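Some notes on the structure that comes next.
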Amino acid sequence: MTENDVVNSCASSGASAANQRLMAYCGVTSLVVLLIGMWAIAGFVPPPGPNKSLEEIVAVYADHGARIRFGLIVACAGVTLLGPWTATIAIQMRRVEGEFAPLALTQAMLGAVLIVEFYVPSAMWMAAAFRPEVDPAFTYRLHDLASITFVALPWSAALQAILLAIAILQDKHDQPVFPRWLGYLSLWAAISFLPGAFNSLAKTGVIAWNGVLAWWLGLIAFGIWILAVSFCLLRDAIPHQEAGQAQVRP
Amino acid sequence: MLPAVMERHVPGEPGIWVLLFGDMLVFTVLFTVFLHERGAKPELFAHSQAALNRALGATNTLVLLTSSLLVVLASHAMRRPPLRHFARRLTLGGALVGACFVVIKGFEYHEKIAAGIAPSTNEFFMYYFVLTGLHLAHVIIGLAVLVVLSTVAGNSGPTRTHIAFFEGGACFWHMVDFLWIVIFSLIFLVR
């Protein structure tokens with residue numbers, strides 16, 4: 001290795017670490033912006049429930065249409081930041097797995113899918129708020145469609161968390177990339193995401209789309225998971241990579 | 001090595017307790033919600049409870065207790081080199097017995113659905129299906145964990161991490177057993 005190569009590799013790893021740090025913060029930022037948009041502005045945490053009547057739902061959209069649309073625009077912008085966050089996770093998973101990193105690759109693909117799963121129902125809610133009174137029955141059913149879609153697709157995020165958990169628990173480095181508790185926390189998060197999948201089976205109670213299990217547990221687990229993964233990226237994985245501490249056990 | 005084996009210790013690795021306590025917290029919230037709803041409609045809940053098949057519930061309790069016992073014996077064998085060769089077969093035995101739970105639960109659900117009972121029938125049955133369904137998901141995950149543990153047990157020279165991982169997985173299975181006992185008492189038995 002010439003002196004020039006050493007300088008180049010140091011320079012590029014420095015930039016990579018700085019970018020990764022920024023991308024890890026994207027996860028936290030994404031969560032905060034999502035909550036500001038959906039909760040503080042749109043008032044859609046949770047969205048109006050499935051036991052509400054047609055008149056009530058149409059009234060929500062007619063009275064708060066602008067707020068709902070604007071809040072969801074903010075939320076969509078925030079969710080986009082899950083992209084870089086997912087990529088950083090994939091880079092760090094690849095350090096566990098080695099050059100051909102099947103878990104990291106799949107995790108990244110699923111992360112991209114997750115963003116779309118936020119975008120599409122958000123756009124449907126925006127459309128419901130667009131002309132709510134022209135066809136009230138349609139507004140009512142569009143609200144069903146958007147809310148069911150938003151809550152019913154936890155599968156990709158759950159598998160993402162499971163793949164991360166597998167990589168963490170397989171890690172054989174003396175200085176592991178992620179702490180092992182994050183693997184177990186990811187498994188808990190994955191299980192906790194799933195009840196939402198069943199939301200279309202009930203209009204009231206814990207698995208309705210605004211219920212304790214389907215909505216609140218899913219949201220809380222998602223928040224905890226994003227914060228915990230970001231924390232471990234910033235405290236463990238990225239600094240250790242930068243310091244070159246990840247030596248494979250002989 | 002033996003004195004260290006005899007020392008008291010927290011089973012598994014510390015991280016597994018994040019998952020176990022997290023899960024038990026979720027179920028505790030659900031039990032509280034269930035009891036709250038039951039308090040609001042005592043007649044409906046008592047009347048609906050009579051339609052449950054207690055014999056199948058009790059059989060499943062025995063199934064999980066037996067399976068847990070086999071896994072306890074497997075953990076015991078893992079920590080003692082002379083017995084270690086039993087660990088794999090005991091774990092697989094535990095998984096096999098545990099799989100009976102899924103089959104029996106299948107019968108139970110079939111019986112309910114054939115009688116026209118669904119989650120939408122009333123609040124009691126909604127909670128019945130949600131609690132037992134979420135628990136069933138845990139049983140299925142637990143069975144997968146036991147299969148993974150059997151391959152860990154198959155290692156000729158397990159490391160400290162292997163043994164800790166094995167114990168952690170076994171603790172998950174015991175939690176699944178424990179949660180079933182609570183669900184069985186709460187939904188099938190308590191009047």
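Residues are named by chain letter and number: chains run A, B, ... in the order of the structure tokens, numbers start at 1 in each chain, and ligands are numbered from 1 in the order shown.
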Residues of chain B near chain A: apply a cut-off of 7 Å, count only C-alpha atoms, and supply the list as an NGL selection string. :B and (15-16 or 18-19 or 22-23 or 120)
Could you take the residues named above and write them with all heavy atoms, as a short mmCIF file (atom, residue, chain, number, x, y, z; two decimals), in the first residue's frame?
data_model
loop_
_atom_site.label_atom_id
_atom_site.label_comp_id
_atom_site.auth_asym_id
_atom_site.auth_seq_id
_atom_site.Cartn_x
_atom_site.Cartn_y
_atom_site.Cartn_z
N GLY B 15 -29.47 -9.51 27.61
CA GLY B 15 -30.29 -8.93 26.55
C GLY B 15 -31.63 -9.62 26.35
O GLY B 15 -32.62 -8.98 26.01
N ILE B 16 -31.69 -10.93 26.59
CA ILE B 16 -32.93 -11.67 26.34
C ILE B 16 -34.06 -11.12 27.20
O ILE B 16 -35.23 -11.17 26.83
CB ILE B 16 -32.73 -13.19 26.60
CG1 ILE B 16 -33.99 -14.00 26.22
CG2 ILE B 16 -32.45 -13.49 28.07
CD1 ILE B 16 -34.18 -14.25 24.79
N VAL B 18 -34.77 -8.11 27.79
CA VAL B 18 -35.44 -6.99 27.11
C VAL B 18 -36.66 -7.54 26.38
O VAL B 18 -37.77 -7.01 26.47
CB VAL B 18 -34.48 -6.32 26.10
CG1 VAL B 18 -35.20 -5.28 25.28
CG2 VAL B 18 -33.28 -5.70 26.81
N LEU B 19 -36.44 -8.66 25.66
CA LEU B 19 -37.52 -9.29 24.91
C LEU B 19 -38.58 -9.86 25.86
O LEU B 19 -39.78 -9.66 25.67
CB LEU B 19 -36.92 -10.39 24.02
CG LEU B 19 -37.86 -11.35 23.31
CD1 LEU B 19 -38.76 -10.61 22.35
CD2 LEU B 19 -37.05 -12.38 22.54
N GLY B 22 -40.39 -7.08 27.79
CA GLY B 22 -41.17 -6.31 26.82
C GLY B 22 -42.45 -7.06 26.47
O GLY B 22 -43.55 -6.49 26.47
N ASP B 23 -42.32 -8.34 26.19
CA ASP B 23 -43.46 -9.17 25.82
C ASP B 23 -44.45 -9.32 26.97
O ASP B 23 -45.66 -9.23 26.78
CB ASP B 23 -42.96 -10.56 25.41
CG ASP B 23 -43.20 -10.80 23.94
OD1 ASP B 23 -43.68 -9.87 23.27
OD2 ASP B 23 -42.93 -11.91 23.48
N SER B 120 -65.83 -11.35 15.74
CA SER B 120 -66.85 -10.29 15.69
C SER B 120 -68.12 -10.66 16.45
O SER B 120 -69.04 -9.84 16.55
CB SER B 120 -67.18 -9.99 14.23
OG SER B 120 -67.53 -11.20 13.57
#
Correct to one decimal, the distance CA of Lys52 in chain A-CA of Asn122 in chain B is 18.0 Å
Of B:Thr61, B:Ser75, B:Asn53, B:Asn155, the one sitting nearest Cys100 in chain B when using only C-alpha atoms is B:Thr61
Could you make a table, as CSV, of the residues of range 175-211 of chain A that have an atom within 10 Å of an atom of range 85-100 of chain A, each with its nearest atom pair and distance in Å to one decimal, counting only C-alpha atoms, in chain and number order?
residue,atom,partner,partner_atom,distance
A:Pro176,CA,A:Val96,CA,8.0
A:Val177,CA,A:Val96,CA,6.7
A:Phe178,CA,A:Gln92,CA,8.5
Emit the selected residues as an mmCIF file, in the first residue's frame, including N, CA, C and O atoms.
data_model
loop_
_atom_site.group_PDB
_atom_site.id
_atom_site.type_symbol
_atom_site.label_atom_id
_atom_site.label_comp_id
_atom_site.auth_asym_id
_atom_site.auth_seq_id
_atom_site.Cartn_x
_atom_site.Cartn_y
_atom_site.Cartn_z
ATOM 1 N N PRO A 176 -18.322 -6.653 19.103
ATOM 2 C CA PRO A 176 -19.443 -6.806 18.165
ATOM 3 C C PRO A 176 -19.884 -5.459 17.582
ATOM 4 O O PRO A 176 -19.688 -4.411 18.212
ATOM 5 N N VAL A 177 -20.457 -5.521 16.369
ATOM 6 C CA VAL A 177 -20.882 -4.291 15.694
ATOM 7 C C VAL A 177 -22.001 -3.620 16.499
ATOM 8 O O VAL A 177 -21.962 -2.421 16.761
ATOM 9 N N PHE A 178 -23.002 -4.406 16.889
ATOM 10 C CA PHE A 178 -24.095 -3.895 17.721
ATOM 11 C C PHE A 178 -24.095 -4.667 19.041
ATOM 12 O O PHE A 178 -23.711 -5.838 19.068
#
* To do: Identify, with DSSP run on backbone atoms, the residues in range 3-247 of chain A assigned to alpha helix (DSSP H), and express the list as a VMD selection string.
  => chain A and resid 3 to 35 54 to 80 82 to 97 102 to 130 136 to 152 155 to 170 180 to 193 218 to 232 238 to 243
>> Considering only C-alpha atoms, can you say which of B:Gly133, B:Gly57, B:Gly94, B:Gly142 comes closest to Trp173 in chain B?
In response: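 Among the listed residues, the smallest separation from Trp173 in chain B belongs to B:Gly142.
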Non-local contacts of Phe130 in chain A (12 Å; only C-alpha atoms; under 2 positions in same chain excluded) as an NGL selection string
:A and (58 or 61-70 or 123-128 or 132-136 or 138-139 or 142-143)
What would the file look like if the residues just selected were written as an mmCIF file, in the first residue's frame with N, CA, C and O atoms?
data_model
loop_
_atom_site.group_PDB
_atom_site.id
_atom_site.type_symbol
_atom_site.label_atom_id
_atom_site.label_comp_id
_atom_site.auth_asym_id
_atom_site.auth_seq_id
_atom_site.Cartn_x
_atom_site.Cartn_y
_atom_site.Cartn_z
ATOM 1 N N VAL A 58 -66.991 12.200 7.665
ATOM 2 C CA VAL A 58 -67.028 13.288 6.674
ATOM 3 C C VAL A 58 -66.820 14.625 7.380
ATOM 4 O O VAL A 58 -66.118 15.510 6.870
ATOM 5 N N TYR A 61 -63.136 15.342 8.060
ATOM 6 C CA TYR A 61 -62.413 15.813 6.864
ATOM 7 C C TYR A 61 -62.868 17.198 6.439
ATOM 8 O O TYR A 61 -62.062 18.024 6.008
ATOM 9 N N ALA A 62 -64.186 17.474 6.556
ATOM 10 C CA ALA A 62 -64.700 18.771 6.125
ATOM 11 C C ALA A 62 -64.194 19.877 7.056
ATOM 12 O O ALA A 62 -63.839 20.962 6.601
ATOM 13 N N ASP A 63 -64.149 19.591 8.364
ATOM 14 C CA ASP A 63 -63.767 20.629 9.325
ATOM 15 C C ASP A 63 -62.256 20.839 9.418
ATOM 16 O O ASP A 63 -61.788 21.919 9.733
ATOM 17 N N HIS A 64 -61.502 19.754 9.217
ATOM 18 C CA HIS A 64 -60.050 19.870 9.437
ATOM 19 C C HIS A 64 -59.260 19.511 8.184
ATOM 20 O O HIS A 64 -58.097 19.105 8.295
ATOM 21 N N GLY A 65 -59.865 19.617 7.018
ATOM 22 C CA GLY A 65 -59.240 19.160 5.768
ATOM 23 C C GLY A 65 -57.843 19.724 5.551
ATOM 24 O O GLY A 65 -56.906 18.983 5.247
ATOM 25 N N ALA A 66 -57.691 21.037 5.740
ATOM 26 C CA ALA A 66 -56.399 21.676 5.446
ATOM 27 C C ALA A 66 -55.327 21.162 6.409
ATOM 28 O O ALA A 66 -54.205 20.830 5.995
ATOM 29 N N ARG A 67 -55.695 21.081 7.676
ATOM 30 C CA ARG A 67 -54.760 20.613 8.697
ATOM 31 C C ARG A 67 -54.309 19.185 8.405
ATOM 32 O O ARG A 67 -53.131 18.845 8.503
ATOM 33 N N ILE A 68 -55.297 18.343 8.045
ATOM 34 C CA ILE A 68 -54.989 16.936 7.768
ATOM 35 C C ILE A 68 -54.030 16.828 6.592
ATOM 36 O O ILE A 68 -53.003 16.141 6.663
ATOM 37 N N ARG A 69 -54.351 17.557 5.500
ATOM 38 C CA ARG A 69 -53.504 17.458 4.311
ATOM 39 C C ARG A 69 -52.087 17.968 4.592
ATOM 40 O O ARG A 69 -51.100 17.340 4.232
ATOM 41 N N PHE A 70 -52.008 19.128 5.270
ATOM 42 C CA PHE A 70 -50.688 19.685 5.537
ATOM 43 C C PHE A 70 -49.877 18.770 6.461
ATOM 44 O O PHE A 70 -48.692 18.508 6.223
ATOM 45 N N ALA A 123 -51.246 9.451 1.081
ATOM 46 C CA ALA A 123 -51.807 10.132 -0.096
ATOM 47 C C ALA A 123 -53.310 9.863 -0.203
ATOM 48 O O ALA A 123 -54.082 10.741 -0.611
ATOM 49 N N MET A 124 -53.745 8.660 0.217
ATOM 50 C CA MET A 124 -55.182 8.358 0.162
ATOM 51 C C MET A 124 -55.945 9.206 1.179
ATOM 52 O O MET A 124 -57.036 9.686 0.900
ATOM 53 N N TRP A 125 -55.353 9.414 2.364
ATOM 54 C CA TRP A 125 -55.997 10.306 3.353
ATOM 55 C C TRP A 125 -56.081 11.729 2.800
ATOM 56 O O TRP A 125 -57.079 12.415 2.975
ATOM 57 N N MET A 126 -54.980 12.166 2.141
ATOM 58 C CA MET A 126 -54.998 13.518 1.545
ATOM 59 C C MET A 126 -56.141 13.624 0.550
ATOM 60 O O MET A 126 -56.860 14.627 0.515
ATOM 61 N N ALA A 127 -56.311 12.572 -0.264
ATOM 62 C CA ALA A 127 -57.378 12.586 -1.267
ATOM 63 C C ALA A 127 -58.747 12.616 -0.588
ATOM 64 O O ALA A 127 -59.670 13.300 -1.056
ATOM 65 N N ALA A 128 -58.884 11.906 0.539
ATOM 66 C CA ALA A 128 -60.166 11.922 1.256
ATOM 67 C C ALA A 128 -60.460 13.317 1.775
ATOM 68 O O ALA A 128 -61.611 13.757 1.815
ATOM 69 N N PRO A 132 -64.181 16.228 0.543
ATOM 70 C CA PRO A 132 -64.877 15.234 1.363
ATOM 71 C C PRO A 132 -66.389 15.219 1.175
ATOM 72 O O PRO A 132 -67.019 14.195 1.381
ATOM 73 N N GLU A 133 -66.978 16.374 0.781
ATOM 74 C CA GLU A 133 -68.438 16.441 0.786
ATOM 75 C C GLU A 133 -69.078 16.140 -0.566
ATOM 76 O O GLU A 133 -70.297 16.012 -0.653
ATOM 77 N N VAL A 134 -68.250 15.998 -1.615
ATOM 78 C CA VAL A 134 -68.820 15.733 -2.943
ATOM 79 C C VAL A 134 -69.537 14.379 -2.938
ATOM 80 O O VAL A 134 -70.651 14.244 -3.421
ATOM 81 N N ASP A 135 -68.883 13.380 -2.362
ATOM 82 C CA ASP A 135 -69.464 12.046 -2.316
ATOM 83 C C ASP A 135 -69.143 11.452 -0.940
ATOM 84 O O ASP A 135 -68.129 10.776 -0.770
ATOM 85 N N PRO A 136 -69.992 11.731 0.055
ATOM 86 C CA PRO A 136 -69.666 11.354 1.438
ATOM 87 C C PRO A 136 -69.377 9.862 1.601
ATOM 88 O O PRO A 136 -68.438 9.490 2.320
ATOM 89 N N PHE A 138 -68.121 7.841 -0.483
ATOM 90 C CA PHE A 138 -66.790 7.552 -1.023
ATOM 91 C C PHE A 138 -65.706 8.016 -0.042
ATOM 92 O O PHE A 138 -64.718 7.312 0.194
ATOM 93 N N THR A 139 -65.905 9.194 0.549
ATOM 94 C CA THR A 139 -64.958 9.692 1.550
ATOM 95 C C THR A 139 -64.831 8.695 2.702
ATOM 96 O O THR A 139 -63.729 8.377 3.169
ATOM 97 N N LEU A 142 -63.000 5.672 1.546
ATOM 98 C CA LEU A 142 -61.592 6.011 1.294
ATOM 99 C C LEU A 142 -60.841 6.092 2.626
ATOM 100 O O LEU A 142 -59.675 5.676 2.730
ATOM 101 N N HIS A 143 -61.526 6.595 3.647
ATOM 102 C CA HIS A 143 -60.913 6.633 4.987
ATOM 103 C C HIS A 143 -60.647 5.205 5.482
ATOM 104 O O HIS A 143 -59.586 4.935 6.040
#
Q.
I want to know what sits within 7 Å of Val33 in chain A, based on only C-alpha atoms, with residues of the same chain fewer than 6 positions away left out; could you give that as a PyMOL selection string?
A. chain A and resi 74-75+78
* Spatial neighbours of Leu179 in chain B, 8 Å, only C-alpha atoms, chain gap at least 5 places, as a list in words -> Met24, Phe27 and His135 of chain B
Selected residues written out with N, CA, C and O atoms, as a PDB file, in the first residue's frame:
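Saved as again-v3.pdb:
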ATOM      1  N   MET B  24     -43.914  -9.537  28.165  1.00  0.00           N
ATOM      2  CA  MET B  24     -44.807  -9.746  29.304  1.00  0.00           C
ATOM      3  C   MET B  24     -45.548  -8.445  29.631  1.00  0.00           C
ATOM      4  O   MET B  24     -46.706  -8.486  30.043  1.00  0.00           O
ATOM      5  N   PHE B  27     -48.500  -8.268  27.268  1.00  0.00           N
ATOM      6  CA  PHE B  27     -49.586  -9.153  27.701  1.00  0.00           C
ATOM      7  C   PHE B  27     -50.261  -8.613  28.963  1.00  0.00           C
ATOM      8  O   PHE B  27     -51.478  -8.723  29.112  1.00  0.00           O
ATOM      9  N   HIS B 135     -50.888 -15.338  21.536  1.00  0.00           N
ATOM     10  CA  HIS B 135     -50.117 -16.367  22.234  1.00  0.00           C
ATOM     11  C   HIS B 135     -49.697 -17.479  21.272  1.00  0.00           C
ATOM     12  O   HIS B 135     -48.559 -17.946  21.307  1.00  0.00           O
TER      13      HIS B 135
END
When you look at Val63 in chain B with a cut-off of 7 Å (counting only C-alpha atoms), what residues show up, excluding the ones that are within fewer than 2 positions of it in the same chain? I need them as a compact mmCIF listing (two decimals) with all heavy atoms, in the first residue's frame.
# COMPACT_ATOMS: atom_id res chain seq x y z
N THR B 59 -55.83 -29.65 28.44
CA THR B 59 -54.87 -30.52 27.74
C THR B 59 -53.68 -29.70 27.26
O THR B 59 -52.53 -30.11 27.41
CB THR B 59 -55.55 -31.18 26.52
OG1 THR B 59 -56.80 -31.71 26.95
CG2 THR B 59 -54.69 -32.29 25.94
N ASN B 60 -53.99 -28.52 26.70
CA ASN B 60 -52.90 -27.69 26.20
C ASN B 60 -51.98 -27.20 27.31
O ASN B 60 -50.78 -27.02 27.11
CB ASN B 60 -53.47 -26.51 25.41
CG ASN B 60 -53.38 -26.75 23.92
OD1 ASN B 60 -52.65 -27.64 23.49
ND2 ASN B 60 -54.11 -25.98 23.14
N THR B 61 -52.55 -26.99 28.50
CA THR B 61 -51.72 -26.60 29.65
C THR B 61 -50.74 -27.73 29.97
O THR B 61 -49.54 -27.48 30.16
CB THR B 61 -52.60 -26.32 30.88
OG1 THR B 61 -53.63 -25.41 30.49
CG2 THR B 61 -51.80 -25.71 32.01
N LEU B 65 -46.63 -27.63 29.74
CA LEU B 65 -45.84 -27.93 30.94
C LEU B 65 -44.87 -29.08 30.67
O LEU B 65 -43.70 -29.02 31.07
CB LEU B 65 -46.76 -28.28 32.12
CG LEU B 65 -47.45 -27.08 32.78
CD1 LEU B 65 -48.48 -27.54 33.80
CD2 LEU B 65 -46.43 -26.17 33.46
N THR B 66 -45.35 -30.11 29.97
CA THR B 66 -44.48 -31.25 29.63
C THR B 66 -43.32 -30.78 28.75
O THR B 66 -42.16 -31.13 28.99
CB THR B 66 -45.28 -32.33 28.87
OG1 THR B 66 -46.48 -32.57 29.60
CG2 THR B 66 -44.49 -33.59 28.71
N SER B 67 -43.68 -29.97 27.73
CA SER B 67 -42.66 -29.48 26.82
C SER B 67 -41.63 -28.64 27.57
O SER B 67 -40.41 -28.77 27.35
CB SER B 67 -43.32 -28.67 25.72
OG SER B 67 -42.37 -28.02 24.95
N VAL B 97 -43.50 -32.10 21.39
CA VAL B 97 -44.63 -32.01 22.31
C VAL B 97 -45.30 -30.64 22.16
O VAL B 97 -46.52 -30.53 22.10
CB VAL B 97 -44.16 -32.25 23.77
CG1 VAL B 97 -45.32 -32.03 24.74
CG2 VAL B 97 -43.61 -33.65 23.92
N GLY B 98 -44.45 -29.59 22.07
CA GLY B 98 -44.99 -28.24 21.93
C GLY B 98 -45.84 -28.09 20.68
O GLY B 98 -46.83 -27.36 20.67
N PHE B 101 -49.56 -28.45 20.82
CA PHE B 101 -50.35 -27.29 21.23
C PHE B 101 -51.02 -26.65 20.01
O PHE B 101 -52.20 -26.31 20.03
CB PHE B 101 -49.45 -26.27 21.94
CG PHE B 101 -50.19 -25.07 22.47
CD1 PHE B 101 -50.59 -25.01 23.79
CD2 PHE B 101 -50.48 -23.99 21.65
CE1 PHE B 101 -51.28 -23.91 24.29
CE2 PHE B 101 -51.16 -22.89 22.13
CZ PHE B 101 -51.56 -22.85 23.45
